[in-house]
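Student: File my_file_39.pdb follows (PDB, C-alpha atoms):
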```
ATOM      1  CA  MET A   1     122.445 137.011 112.113
ATOM      2  CA  SER A   2     118.974 137.439 110.626
ATOM      3  CA  GLY A   3     120.474 137.577 107.133
ATOM      4  CA  THR A   4     122.387 134.345 107.727
ATOM      5  CA  ALA A   5     119.273 132.627 109.088
ATOM      6  CA  SER A   6     117.256 133.831 106.080
ATOM      7  CA  THR A   7     119.907 132.525 103.673
ATOM      8  CA  ALA A   8     120.015 129.149 105.430
ATOM      9  CA  SER A   9     116.222 128.938 105.292
ATOM     10  CA  SER A  10     116.251 129.737 101.579
ATOM     11  CA  VAL A  11     118.882 127.064 100.937
ATOM     12  CA  ARG A  12     116.854 124.469 102.832
ATOM     13  CA  SER A  13     113.740 125.483 100.897
ATOM     14  CA  ILE A  14     115.555 125.092  97.577
ATOM     15  CA  GLU A  15     116.952 121.734  98.658
ATOM     16  CA  GLY A  16     113.449 120.622  99.660
ATOM     17  CA  VAL A  17     112.034 121.612  96.271
ATOM     18  CA  GLY A  18     114.909 119.817  94.549
ATOM     19  CA  GLU A  19     114.327 116.632  96.560
ATOM     20  CA  ARG A  20     110.597 116.679  95.801
ATOM     21  CA  ALA A  21     111.281 117.226  92.099
ATOM     22  CA  LEU A  22     113.796 114.369  92.059
ATOM     23  CA  HIS A  23     111.354 112.105  93.907
ATOM     24  CA  TRP A  24     108.652 112.976  91.370
ATOM     25  CA  LEU A  25     111.005 112.281  88.461
ATOM     26  CA  LEU A  26     112.428 108.997  89.761
ATOM     27  CA  LEU A  27     109.554 107.452  91.684
ATOM     28  CA  GLY A  28     106.331 109.263  92.524
ATOM     29  CA  GLY A  29     105.372 111.012  89.297
ATOM     30  CA  ASN A  30     103.020 109.654  86.658
ATOM     31  CA  ARG A  31     105.261 108.037  84.065
ATOM     32  CA  ILE A  32     103.389 109.600  81.143
ATOM     33  CA  ALA A  33     103.851 113.044  82.706
ATOM     34  CA  VAL A  34     107.556 112.330  83.233
ATOM     35  CA  THR A  35     107.767 111.259  79.588
ATOM     36  CA  GLY A  36     106.150 114.531  78.557
ATOM     37  CA  VAL A  37     108.742 116.503  80.535
ATOM     38  CA  LEU A  38     111.615 114.586  78.931
ATOM     39  CA  VAL A  39     110.207 114.958  75.416
ATOM     40  CA  GLY A  40     109.500 118.649  75.971
ATOM     41  CA  ALA A  41     113.039 119.217  77.242
ATOM     42  CA  VAL A  42     114.513 117.564  74.123
ATOM     43  CA  ALA A  43     112.271 119.524  71.751
ATOM     44  CA  VAL A  44     112.962 122.870  73.457
ATOM     45  CA  LEU A  45     116.712 122.207  73.582
ATOM     46  CA  PHE A  46     116.977 121.386  69.868
ATOM     47  CA  PHE A  47     114.710 124.284  68.916
ATOM     48  CA  ALA A  48     116.957 126.684  70.829
ATOM     49  CA  LEU A  49     120.116 125.217  69.284
ATOM     50  CA  THR A  50     118.708 125.514  65.755
ATOM     51  CA  ARG A  51     117.548 129.096  66.324
ATOM     52  CA  LEU A  52     121.018 129.957  67.556
ATOM     53  CA  GLY A  53     122.517 128.475  64.401
ATOM     54  CA  LEU A  54     124.507 125.839  66.255
ATOM     55  CA  LEU A  55     122.837 122.965  64.365
ATOM     56  CA  ALA A  56     122.657 122.637  60.588
ATOM     57  CA  ILE A  57     119.250 121.303  59.603
ATOM     58  CA  GLY A  58     118.749 122.831  56.175
ATOM     59  CA  PRO A  59     118.830 121.145  52.743
ATOM     60  CA  GLY A  60     121.972 119.059  52.236
ATOM     61  CA  SER A  61     122.585 118.601  55.982
ATOM     62  CA  ALA A  62     122.984 115.292  57.796
ATOM     63  CA  ALA A  63     119.440 115.631  59.137
ATOM     64  CA  ALA A  64     118.003 113.984  56.024
ATOM     65  CA  ALA A  65     120.148 110.856  56.447
ATOM     66  CA  ALA A  66     119.407 110.714  60.177
ATOM     67  CA  PHE A  67     115.660 110.741  59.643
ATOM     68  CA  ALA A  68     115.804 108.365  56.665
ATOM     69  CA  SER A  69     117.823 105.591  58.295
ATOM     70  CA  GLY A  70     119.098 106.146  61.825
ATOM     71  CA  PHE A  71     115.879 107.158  63.562
ATOM     72  CA  ILE A  72     113.759 104.578  61.745
ATOM     73  CA  SER A  73     116.040 101.669  62.633
ATOM     74  CA  GLY A  74     116.406 102.941  66.203
ATOM     75  CA  THR A  75     112.648 103.162  66.671
ATOM     76  CA  VAL A  76     112.112  99.627  65.339
ATOM     77  CA  THR A  77     114.835  98.300  67.674
ATOM     78  CA  LEU A  78     113.318 100.006  70.712
ATOM     79  CA  VAL A  79     109.849  98.646  69.963
ATOM     80  CA  THR A  80     111.350  95.170  69.628
ATOM     81  CA  ILE A  81     112.962  95.535  73.060
ATOM     82  CA  ALA A  82     109.629  96.625  74.531
ATOM     83  CA  LEU A  83     107.907  93.561  73.105
ATOM     84  CA  SER A  84     110.641  91.374  74.607
ATOM     85  CA  ILE A  85     109.984  92.954  78.011
ATOM     86  CA  ASN A  86     106.287  92.217  77.552
ATOM     87  CA  GLN A  87     107.094  88.551  76.928
ATOM     88  CA  LEU A  88     109.219  88.491  80.085
ATOM     89  CA  VAL A  89     106.358  89.929  82.136
ATOM     90  CA  LEU A  90     103.910  87.420  80.696
ATOM     91  CA  SER A  91     106.253  84.533  81.499
ATOM     92  CA  ARG A  92     106.116  85.522  85.176
ATOM     93  CA  MET A  93     102.328  85.193  85.151
ATOM     94  CA  PHE A  94     102.277  81.560  84.046
ATOM     95  CA  GLY A  95     103.052  78.460  86.065
ATOM     96  CA  SER A  96     102.064  74.901  86.836
ATOM     97  CA  PRO A  97      99.217  74.220  89.291
ATOM     98  CA  ARG A  98     101.774  73.281  91.961
ATOM     99  CA  GLU A  99     103.657  76.577  91.520
ATOM    100  CA  LEU A 100     100.426  78.550  91.630
ATOM    101  CA  PHE A 101      99.319  76.708  94.786
ATOM    102  CA  ASP A 102     102.704  77.483  96.400
ATOM    103  CA  GLN A 103     102.275  81.180  95.602
ATOM    104  CA  MET A 104      98.762  81.127  96.987
ATOM    105  CA  ASP A 105      99.900  79.353 100.177
ATOM    106  CA  GLY A 106     102.647  81.928 100.737
ATOM    107  CA  THR A 107     100.217  84.807 100.318
ATOM    108  CA  ARG A 108      97.684  83.204 102.650
ATOM    109  CA  ASP A 109     100.379  82.546 105.261
ATOM    110  CA  LEU A 110     101.339  86.221 105.269
ATOM    111  CA  ARG A 111      97.723  87.334 105.553
ATOM    112  CA  GLN A 112      97.046  84.819 108.329
ATOM    113  CA  ARG A 113      99.999  86.081 110.386
ATOM    114  CA  VAL A 114      98.800  89.661 110.157
ATOM    115  CA  ARG A 115      95.193  88.646 110.898
ATOM    116  CA  GLU A 116      96.160  86.721 114.031
ATOM    117  CA  HIS A 117      98.298  89.536 115.423
ATOM    118  CA  ALA A 118      95.615  92.109 114.621
ATOM    119  CA  GLY A 119      92.881  89.985 116.172
ATOM    120  CA  ALA A 120      90.700  90.554 113.105
ATOM    121  CA  SER A 121      88.365  88.164 111.327
ATOM    122  CA  SER A 122      89.880  89.087 107.953
ATOM    123  CA  VAL A 123      92.471  91.414 106.419
ATOM    124  CA  PRO A 124      91.913  93.936 103.592
ATOM    125  CA  ASN A 125      92.628  93.101  99.959
ATOM    126  CA  ASP A 126      93.669  96.662  99.143
ATOM    127  CA  PRO A 127      97.492  96.944  99.461
ATOM    128  CA  ALA A 128      97.300 100.329 101.222
ATOM    129  CA  ASP A 129      94.734  99.111 103.735
ATOM    130  CA  PHE A 130      96.722  95.904 104.300
ATOM    131  CA  LEU A 131      99.911  97.815 105.090
ATOM    132  CA  GLY A 132      97.888 100.226 107.201
ATOM    133  CA  LEU A 133      96.570  97.305 109.270
ATOM    134  CA  ILE A 134     100.127  96.061 109.834
ATOM    135  CA  ALA A 135     101.202  99.530 110.955
ATOM    136  CA  GLU A 136      98.234  99.966 113.298
ATOM    137  CA  THR A 137      98.816  96.521 114.817
ATOM    138  CA  LEU A 138     102.507  97.274 115.234
ATOM    139  CA  THR A 139     101.701 100.496 117.094
ATOM    140  CA  GLU A 140      99.148  98.714 119.281
ATOM    141  CA  ARG A 141     101.595  95.932 120.151
ATOM    142  CA  ALA A 142     104.309  98.472 120.951
ATOM    143  CA  ASN A 143     101.945 100.330 123.299
ATOM    144  CA  ARG A 144     101.062  97.033 125.013
ATOM    145  CA  LEU A 145     104.774  96.307 125.377
ATOM    146  CA  SER A 146     105.319  99.715 126.927
ATOM    147  CA  SER A 147     102.505  99.030 129.409
ATOM    148  CA  ALA A 148     104.053  95.654 130.239
ATOM    149  CA  PHE A 149     107.366  97.358 130.900
ATOM    150  CA  GLU A 150     105.719  99.920 133.176
ATOM    151  CA  SER A 151     104.137  97.186 135.261
ATOM    152  CA  SER A 152     107.464  95.372 135.661
ATOM    153  CA  ASP A 153     110.250  96.303 138.042
ATOM    154  CA  GLY A 154     113.753  96.947 136.786
ATOM    155  CA  THR A 155     112.931  97.543 133.134
ATOM    156  CA  SER A 156     115.824  99.345 131.455
ATOM    157  CA  ALA A 157     115.530 102.717 129.758
ATOM    158  CA  GLU A 158     116.746 101.042 126.561
ATOM    159  CA  ALA A 159     113.713  98.736 126.529
ATOM    160  CA  GLU A 160     111.318 101.617 127.104
ATOM    161  CA  ASP A 161     112.949 103.649 124.318
ATOM    162  CA  TYR A 162     112.639 100.635 122.045
ATOM    163  CA  ALA A 163     108.896 100.329 122.641
ATOM    164  CA  GLU A 164     108.425 104.036 122.022
ATOM    165  CA  GLY A 165     110.454 103.853 118.802
ATOM    166  CA  ILE A 166     108.412 100.933 117.449
ATOM    167  CA  ALA A 167     105.168 102.775 118.200
ATOM    168  CA  THR A 168     106.490 105.865 116.411
ATOM    169  CA  TYR A 169     107.506 103.775 113.403
ATOM    170  CA  GLY A 170     104.034 102.252 113.135
ATOM    171  CA  GLU A 171     102.394 105.670 113.464
ATOM    172  CA  SER A 172     104.636 107.147 110.758
ATOM    173  CA  ILE A 173     103.537 104.451 108.306
ATOM    174  CA  SER A 174      99.863 104.954 109.171
ATOM    175  CA  GLU A 175     100.141 108.707 108.609
ATOM    176  CA  LYS A 176     101.642 108.283 105.126
ATOM    177  CA  ILE A 177      99.241 105.614 103.868
ATOM    178  CA  GLU A 178      96.275 106.658 101.730
ATOM    179  CA  SER A 179      93.553 104.117 101.022
ATOM    180  CA  GLN A 180      93.028 102.971  97.425
ATOM    181  CA  THR A 181      96.265 104.600  96.266
ATOM    182  CA  ALA A 182      98.587 103.244  93.588
ATOM    183  CA  ILE A 183     100.728 100.357  94.749
ATOM    184  CA  VAL A 184     103.935 102.254  93.971
ATOM    185  CA  ASN A 185     102.860 104.944  96.450
ATOM    186  CA  VAL A 186     102.260 102.260  99.073
ATOM    187  CA  LEU A 187     105.695 100.822  98.386
ATOM    188  CA  ALA A 188     107.317 104.256  98.677
ATOM    189  CA  VAL A 189     106.230 104.447 102.333
ATOM    190  CA  ILE A 190     108.372 101.435 103.318
ATOM    191  CA  LEU A 191     111.372 101.924 101.022
ATOM    192  CA  GLY A 192     113.566 103.110 103.887
ATOM    193  CA  THR A 193     115.719 101.000 106.208
ATOM    194  CA  GLU A 194     113.733 101.617 109.402
ATOM    195  CA  TYR A 195     112.224  98.134 109.341
ATOM    196  CA  ALA A 196     115.705  96.560 109.231
ATOM    197  CA  ARG A 197     116.992  98.669 112.117
ATOM    198  CA  ASN A 198     113.902  97.795 114.152
ATOM    199  CA  MET A 199     114.351  94.078 113.439
ATOM    200  CA  THR A 200     117.928  94.305 114.695
ATOM    201  CA  ALA A 201     116.821  96.246 117.782
ATOM    202  CA  THR A 202     114.183  93.595 118.505
ATOM    203  CA  GLU A 203     116.734  90.799 118.218
ATOM    204  CA  HIS A 204     119.137  92.691 120.494
ATOM    205  CA  LEU A 205     116.459  93.219 123.131
ATOM    206  CA  GLN A 206     115.368  89.584 123.056
ATOM    207  CA  ASN A 207     118.933  88.304 123.475
ATOM    208  CA  GLU A 208     120.300  90.962 125.828
ATOM    209  CA  TYR A 209     117.676  90.773 128.558
ATOM    210  CA  ASP A 210     116.079  87.697 130.106
ATOM    211  CA  GLN A 211     113.983  89.221 132.875
ATOM    212  CA  PHE A 212     110.984  90.283 130.801
ATOM    213  CA  SER A 213     107.531  89.134 131.880
ATOM    214  CA  PRO A 214     105.644  86.572 129.782
ATOM    215  CA  ALA A 215     103.360  89.356 128.539
ATOM    216  CA  ALA A 216     106.331  91.424 127.382
ATOM    217  CA  GLU A 217     107.908  88.388 125.705
ATOM    218  CA  SER A 218     104.667  87.713 123.851
ATOM    219  CA  GLU A 219     104.478  91.299 122.582
ATOM    220  CA  LEU A 220     108.137  91.201 121.508
ATOM    221  CA  ASP A 221     107.500  88.051 119.489
ATOM    222  CA  ALA A 222     104.471  89.661 117.851
ATOM    223  CA  ILE A 223     106.444  92.809 116.989
ATOM    224  CA  ASP A 224     109.236  90.718 115.487
ATOM    225  CA  ASP A 225     106.680  88.832 113.368
ATOM    226  CA  LEU A 226     105.041  92.069 112.199
ATOM    227  CA  LEU A 227     108.391  93.585 111.210
ATOM    228  CA  GLU A 228     109.100  90.429 109.235
ATOM    229  CA  ALA A 229     105.688  90.840 107.586
ATOM    230  CA  ILE A 230     106.661  94.381 106.544
ATOM    231  CA  ALA A 231     109.896  93.068 105.002
ATOM    232  CA  VAL A 232     108.053  90.382 103.024
ATOM    233  CA  THR A 233     105.231  92.755 102.076
ATOM    234  CA  ARG A 234     107.608  95.327 100.660
ATOM    235  CA  GLN A 235     109.288  92.704  98.446
ATOM    236  CA  PHE A 236     105.911  91.390  97.309
ATOM    237  CA  PHE A 237     104.651  94.890  96.532
ATOM    238  CA  LYS A 238     107.894  95.538  94.632
ATOM    239  CA  THR A 239     107.164  92.538  92.426
ATOM    240  CA  LEU A 240     103.590  93.674  91.775
ATOM    241  CA  SER A 241     104.646  97.258  91.068
ATOM    242  CA  LEU A 242     107.393  96.309  88.613
ATOM    243  CA  GLN A 243     105.159  93.830  86.801
ATOM    244  CA  GLN A 244     102.470  96.484  86.394
ATOM    245  CA  ASP A 245     104.974  99.074  85.192
ATOM    246  CA  PHE A 246     106.632  96.741  82.689
ATOM    247  CA  ALA A 247     103.244  95.716  81.298
ATOM    248  CA  ARG A 248     102.308  99.388  80.831
ATOM    249  CA  LEU A 249     105.759 100.131  79.406
ATOM    250  CA  SER A 250     105.450  97.592  76.592
ATOM    251  CA  ARG A 251     101.988  98.876  75.683
ATOM    252  CA  VAL A 252     102.916 102.569  75.695
ATOM    253  CA  VAL A 253     106.165 101.972  73.769
ATOM    254  CA  ALA A 254     104.208 100.021  71.144
ATOM    255  CA  TYR A 255     101.739 102.905  70.743
ATOM    256  CA  SER A 256     104.346 105.663  70.716
ATOM    257  CA  GLY A 257     106.675 103.586  68.526
ATOM    258  CA  LEU A 258     104.096 103.459  65.753
ATOM    259  CA  VAL A 259     103.647 107.238  65.901
ATOM    260  CA  ALA A 260     107.425 107.767  66.042
ATOM    261  CA  LEU A 261     107.955 105.536  63.021
ATOM    262  CA  ALA A 262     105.361 107.505  61.049
ATOM    263  CA  ALA A 263     107.024 110.766  62.126
ATOM    264  CA  SER A 264     110.455 109.474  61.015
ATOM    265  CA  VAL A 265     109.103 108.589  57.575
ATOM    266  CA  ALA A 266     107.352 111.963  57.302
ATOM    267  CA  MET A 267     110.502 113.876  58.291
ATOM    268  CA  ALA A 268     112.575 111.853  55.816
ATOM    269  CA  LEU A 269     110.147 112.787  53.017
ATOM    270  CA  ILE A 270     110.271 116.473  53.983
ATOM    271  CA  TYR A 271     113.954 116.563  53.053
ATOM    272  CA  GLN A 272     114.606 116.459  49.295
ATOM    273  CA  PRO A 273     118.063 116.371  47.612
ATOM    274  CA  ALA A 274     118.390 120.145  47.372
ATOM    275  CA  SER A 275     115.402 121.570  49.239
ATOM    276  CA  VAL A 276     112.758 120.961  51.864
ATOM    277  CA  THR A 277     108.987 120.821  51.457
ATOM    278  CA  VAL A 278     108.285 123.306  54.267
ATOM    279  CA  PRO A 279     109.262 126.977  54.386
ATOM    280  CA  GLU A 280     112.774 127.298  55.775
ATOM    281  CA  PRO A 281     111.726 129.795  58.512
ATOM    282  CA  SER A 282     109.421 127.088  59.875
ATOM    283  CA  LEU A 283     112.014 124.323  59.600
ATOM    284  CA  PRO A 284     113.469 124.712  63.164
ATOM    285  CA  LEU A 285     109.995 124.274  64.686
ATOM    286  CA  VAL A 286     109.101 121.332  62.421
ATOM    287  CA  PHE A 287     112.488 119.727  63.063
ATOM    288  CA  SER A 288     112.185 120.089  66.852
ATOM    289  CA  LEU A 289     108.605 118.802  67.002
ATOM    290  CA  GLY A 290     109.442 115.882  64.723
ATOM    291  CA  LEU A 291     112.475 114.982  66.798
ATOM    292  CA  GLY A 292     110.399 115.206  69.982
ATOM    293  CA  ILE A 293     107.849 112.742  68.578
ATOM    294  CA  ILE A 294     110.586 110.373  67.415
ATOM    295  CA  VAL A 295     112.318 110.235  70.811
ATOM    296  CA  THR A 296     109.021 109.643  72.644
ATOM    297  CA  PRO A 297     109.413 105.823  72.802
ATOM    298  CA  LEU A 298     112.916 106.253  74.247
ATOM    299  CA  ALA A 299     111.625 108.832  76.729
ATOM    300  CA  VAL A 300     108.883 106.394  77.806
ATOM    301  CA  PHE A 301     111.475 103.679  78.281
ATOM    302  CA  ILE A 302     113.719 105.992  80.332
ATOM    303  CA  ALA A 303     110.815 107.223  82.497
ATOM    304  CA  TYR A 304     109.834 103.682  83.475
ATOM    305  CA  MET A 305     113.453 102.595  83.948
ATOM    306  CA  PHE A 306     113.970 105.513  86.346
ATOM    307  CA  ARG A 307     111.285 104.107  88.642
ATOM    308  CA  ALA A 308     112.261 100.453  88.213
ATOM    309  CA  ALA A 309     115.918 101.180  89.013
ATOM    310  CA  THR A 310     114.992 103.353  92.018
ATOM    311  CA  ILE A 311     112.712 100.687  93.479
ATOM    312  CA  ALA A 312     115.269  97.943  92.856
ATOM    313  CA  ARG A 313     118.062  99.947  94.483
ATOM    314  CA  HIS A 314     116.047 100.669  97.623
ATOM    315  CA  THR A 315     114.759  97.100  98.025
ATOM    316  CA  VAL A 316     117.901  95.095  97.391
ATOM    317  CA  SER A 317     117.802  93.106 100.603
ATOM    318  CA  VAL A 318     115.173  91.154 102.502
ATOM    319  CA  GLY A 319     115.569  91.345 106.269
ATOM    320  CA  PRO A 320     118.018  93.197 108.492
ATOM    321  CA  PHE A 321     120.931  93.205 106.023
ATOM    322  CA  VAL A 322     121.183  96.711 104.543
ATOM    323  CA  PRO A 323     123.792  97.391 101.809
ATOM    324  CA  PRO A 324     125.771 100.642 102.327
ATOM    325  CA  GLU A 325     124.271 102.266  99.191
ATOM    326  CA  GLU A 326     120.701 101.581 100.311
ATOM    327  CA  ARG A 327     121.454 102.839 103.810
ATOM    328  CA  THR A 328     123.018 106.051 102.472
ATOM    329  CA  ASP A 329     120.112 106.765 100.120
ATOM    330  CA  SER A 330     117.544 106.475 102.896
ATOM    331  CA  GLU A 331     119.347 108.651 105.419
TER     332      GLU A 331
END
```
What would the structure in this file look like if it were written as structure tokens?

Tutor:
Amino acid sequence: MSGTASTASSVRSIEGVGERALHWLLLGGNRIAVTGVLVGAVAVLFFALTRLGLLAIGPGSAAAAAFASGFISGTVTLVTIALSINQLVLSRMFGSPRELFDQMDGTRDLRQRVREHAGASSVPNDPADFLGLIAETLTERANRLSSAFESSDGTSAEAEDYAEGIATYGESISEKIESQTAIVNVLAVILGTEYARNMTATEHLQNEYDQFSPAAESELDAIDDLLEAIAVTRQFFKTLSLQQDFARLSRVVAYSGLVALAASVAMALIYQPASVTVPEPSLPLVFSLGLGIIVTPLAVFIAYMFRAATIARHTVSVGPFVPPEERTDSE
């Protein structure tokens, strides 16, 4: 029995490490660090294959043609795509005065809702602190609702469980939030479907029971408004996070693309019709390093697309509608 328990514990530990590594790769990790891992994996793989003799990279091989034409044209194409993405990001930042006023009014309306429910004179500008205030207010309102239920006769166990669950949800957000953290880390806290399930539970409670006291009804309305604020906040933070990432992506691809283009030209000049300009024993290392530099712009693009696709998949819907794929990923 002890051996079985030890094996199960080891399996869970391995699964936990795998989940953390996948989370780092797809969402939480610094994109430059992820790029470095991808580039290193490519360079090590091709170095091993050349040392094993599985790839022909000597004089007269197809490597010369690949460096001379294929990699150069591919690098130029990728940089062009990155510049197109940069133009798309910039287009989202422009607008007429009326459009800008509408955006400002929407943001102020969200902040005003949270401020009124929190009973504060102002709300923080920092995204982490703003979400933390919503979570703290949600917990406080849930505790007030629980007290209102306790002072009322005939309150169902379902209603009491609901209030406890909302308080737990608010506390879980507060525990995961770190002030002044990157906006993608703030967004990661509310990527799950808990907010949608809680919105549905709130609607069910409001429509199923009609004997709640005025105080309880007021707290339920406030909780429903705060859950809606979380839904809107997560979509707004998604927009900010993706715009920041795409702006960085175009800049980093432009930098790395220039270096990759220079490396492609250098590798093409290393290969001559019947020889190479470096000692053949060193050719596998030079080939692998050169290839690693050349694929860097693509690795940067992939690293940022990993995070953009993950965020988009987990924030498909606004409100209590949860697609099956999003629900499965969060469970």

Student: Just the residues within 12 Å of Gly74 of chain A, please, counting only C-alpha atoms, with nothing from its chain fewer than 4 positions along; format it as a PyMOL selection string.

Tutor: chain A and resi 66-70+78-81+257+260-261+264+294-298

Student: Run the PyMOL selection byres ((chain A and resi 235) around 12) against the file shown and list the residues it catches, as an MDAnalysis selection string.

Tutor: chainID A and resid 184 186:188 190:191 228:234 236:242 311:312 314:319

Student: Tell me which protein, DNA and RNA residues are within 8 Å of Ala216 of chain A, counting only C-alpha atoms, leaving out same-chain ones fewer than 5 positions away, and put them as an mmCIF file with C-alpha atoms, keeping the file's coordinate frame.

Tutor:
```
data_model
loop_
_atom_site.group_PDB
_atom_site.id
_atom_site.type_symbol
_atom_site.label_atom_id
_atom_site.label_comp_id
_atom_site.auth_asym_id
_atom_site.auth_seq_id
_atom_site.Cartn_x
_atom_site.Cartn_y
_atom_site.Cartn_z
ATOM 1 C CA LEU A 145 104.774 96.307 125.377
ATOM 2 C CA ALA A 148 104.053 95.654 130.239
ATOM 3 C CA PHE A 149 107.366 97.358 130.900
#
```

Student: Determine the nearest neighbour of Ala167 of chain A from the options A:Leu289, A:Ile134, A:Ala268, A:Leu83, counting all atoms listed in the file.

Tutor: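 Checking each candidate against Ala167 of chain A, we get A:Ile134 as the closest.
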
Student: What does the structure give for the distance between atom CA of Arg141 of chain A and atom CA of Ala222 of chain A, in Å to one decimal?

Tutor: 7.3 Å

Student: Show which residues sit within 12 Å of segment 109-125 of chain A, as a ChimeraX atom specification. Count all atoms listed in the file, and ignore same-chain residues fewer than 4 positions away.

Tutor: /A:102-105,129-141,179-180,218-234,236

Student: Can those selected residues be exported to a file as an mmCIF file, keeping the file's coordinate frame so that it contains C-alpha atoms?

Tutor:
```cif
data_model
loop_
_atom_site.group_PDB
_atom_site.id
_atom_site.type_symbol
_atom_site.label_atom_id
_atom_site.label_comp_id
_atom_site.auth_asym_id
_atom_site.auth_seq_id
_atom_site.Cartn_x
_atom_site.Cartn_y
_atom_site.Cartn_z
ATOM 1 C CA ASP A 102 102.704 77.483 96.400
ATOM 2 C CA GLN A 103 102.275 81.180 95.602
ATOM 3 C CA MET A 104 98.762 81.127 96.987
ATOM 4 C CA ASP A 105 99.900 79.353 100.177
ATOM 5 C CA ASP A 129 94.734 99.111 103.735
ATOM 6 C CA PHE A 130 96.722 95.904 104.300
ATOM 7 C CA LEU A 131 99.911 97.815 105.090
ATOM 8 C CA GLY A 132 97.888 100.226 107.201
ATOM 9 C CA LEU A 133 96.570 97.305 109.270
ATOM 10 C CA ILE A 134 100.127 96.061 109.834
ATOM 11 C CA ALA A 135 101.202 99.530 110.955
ATOM 12 C CA GLU A 136 98.234 99.966 113.298
ATOM 13 C CA THR A 137 98.816 96.521 114.817
ATOM 14 C CA LEU A 138 102.507 97.274 115.234
ATOM 15 C CA THR A 139 101.701 100.496 117.094
ATOM 16 C CA GLU A 140 99.148 98.714 119.281
ATOM 17 C CA ARG A 141 101.595 95.932 120.151
ATOM 18 C CA SER A 179 93.553 104.117 101.022
ATOM 19 C CA GLN A 180 93.028 102.971 97.425
ATOM 20 C CA SER A 218 104.667 87.713 123.851
ATOM 21 C CA GLU A 219 104.478 91.299 122.582
ATOM 22 C CA LEU A 220 108.137 91.201 121.508
ATOM 23 C CA ASP A 221 107.500 88.051 119.489
ATOM 24 C CA ALA A 222 104.471 89.661 117.851
ATOM 25 C CA ILE A 223 106.444 92.809 116.989
ATOM 26 C CA ASP A 224 109.236 90.718 115.487
ATOM 27 C CA ASP A 225 106.680 88.832 113.368
ATOM 28 C CA LEU A 226 105.041 92.069 112.199
ATOM 29 C CA LEU A 227 108.391 93.585 111.210
ATOM 30 C CA GLU A 228 109.100 90.429 109.235
ATOM 31 C CA ALA A 229 105.688 90.840 107.586
ATOM 32 C CA ILE A 230 106.661 94.381 106.544
ATOM 33 C CA ALA A 231 109.896 93.068 105.002
ATOM 34 C CA VAL A 232 108.053 90.382 103.024
ATOM 35 C CA THR A 233 105.231 92.755 102.076
ATOM 36 C CA ARG A 234 107.608 95.327 100.660
ATOM 37 C CA PHE A 236 105.911 91.390 97.309
#
```

Student: Could you write out as a PyMOL selection string the residues that the PyMOL selection byres ((chain A and resi 161) around 12) matches in the shown file?

Tutor: chain A and resi 142-143+145-146+149+155-160+162-168+198+201-202+205

Student: Dump C-alpha atoms for the selected residues as an mmCIF file, in the coordinates of the input?

Tutor:
```cif
data_model
loop_
_atom_site.group_PDB
_atom_site.id
_atom_site.type_symbol
_atom_site.label_atom_id
_atom_site.label_comp_id
_atom_site.auth_asym_id
_atom_site.auth_seq_id
_atom_site.Cartn_x
_atom_site.Cartn_y
_atom_site.Cartn_z
ATOM 1 C CA ALA A 142 104.309 98.472 120.951
ATOM 2 C CA ASN A 143 101.945 100.330 123.299
ATOM 3 C CA LEU A 145 104.774 96.307 125.377
ATOM 4 C CA SER A 146 105.319 99.715 126.927
ATOM 5 C CA PHE A 149 107.366 97.358 130.900
ATOM 6 C CA THR A 155 112.931 97.543 133.134
ATOM 7 C CA SER A 156 115.824 99.345 131.455
ATOM 8 C CA ALA A 157 115.530 102.717 129.758
ATOM 9 C CA GLU A 158 116.746 101.042 126.561
ATOM 10 C CA ALA A 159 113.713 98.736 126.529
ATOM 11 C CA GLU A 160 111.318 101.617 127.104
ATOM 12 C CA TYR A 162 112.639 100.635 122.045
ATOM 13 C CA ALA A 163 108.896 100.329 122.641
ATOM 14 C CA GLU A 164 108.425 104.036 122.022
ATOM 15 C CA GLY A 165 110.454 103.853 118.802
ATOM 16 C CA ILE A 166 108.412 100.933 117.449
ATOM 17 C CA ALA A 167 105.168 102.775 118.200
ATOM 18 C CA THR A 168 106.490 105.865 116.411
ATOM 19 C CA ASN A 198 113.902 97.795 114.152
ATOM 20 C CA ALA A 201 116.821 96.246 117.782
ATOM 21 C CA THR A 202 114.183 93.595 118.505
ATOM 22 C CA LEU A 205 116.459 93.219 123.131
#
```

Student: I'd like the box whose edges run along x, y and z of the file and which contains every listed atom of segment 23-42 of chain A, padded by 5 Å per side; could you state its centre and edge lengths in Å, one decimal, as AutoDock Vina command-line options?

Tutor:
```
--center_x 108.8 --center_y 113.3 --center_z 84.0 --size_x 21.5 --size_y 21.8 --size_z 29.8
```

Student: Translate the PyMOL selection byres ((chain A and resi 252) around 10) into a concrete residue list for this structure, as an NGL selection string.

Tutor: :A and (32 or 79 or 82 or 246-251 or 253-257 or 296-297 or 300-301)

Student: Find the residues near Leu283 of chain A: any atom within 9 Å, counting only C-alpha atoms, skip ones fewer than 5 places away on the same chain, and give them as a list in words.

Tutor: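 In the requested format, the answer is Ile57, Gly58, Val276, Val278 and Ser288 of chain A.
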
Student: Atom CA of Ser96 of chain A and atom CA of Arg108 of chain A, how far apart in Å?

Tutor: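 One can read the atom CA of Arg108 of chain A to atom CA of Ser96 of chain A distance as 18.4 Å.
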
Student: Using only C-alpha atoms, which of A:Tyr169, A:Ala62, A:Met305, A:Val265 sits nearest Asp245 of chain A?

Tutor: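 Distance minimum relative to Asp245 of chain A lands on A:Met305.
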
Student: Compare A:Ser84, A:Phe47, A:Val42, A:Glu217 by their minimum atom-to-atom distance to Glu203 of chain A, counting all atoms listed in the file, and give me the closest one.

Tutor: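 Among A:Ser84, A:Phe47, A:Val42, A:Glu217, it is A:Glu217 that comes nearest to Glu203 of chain A.
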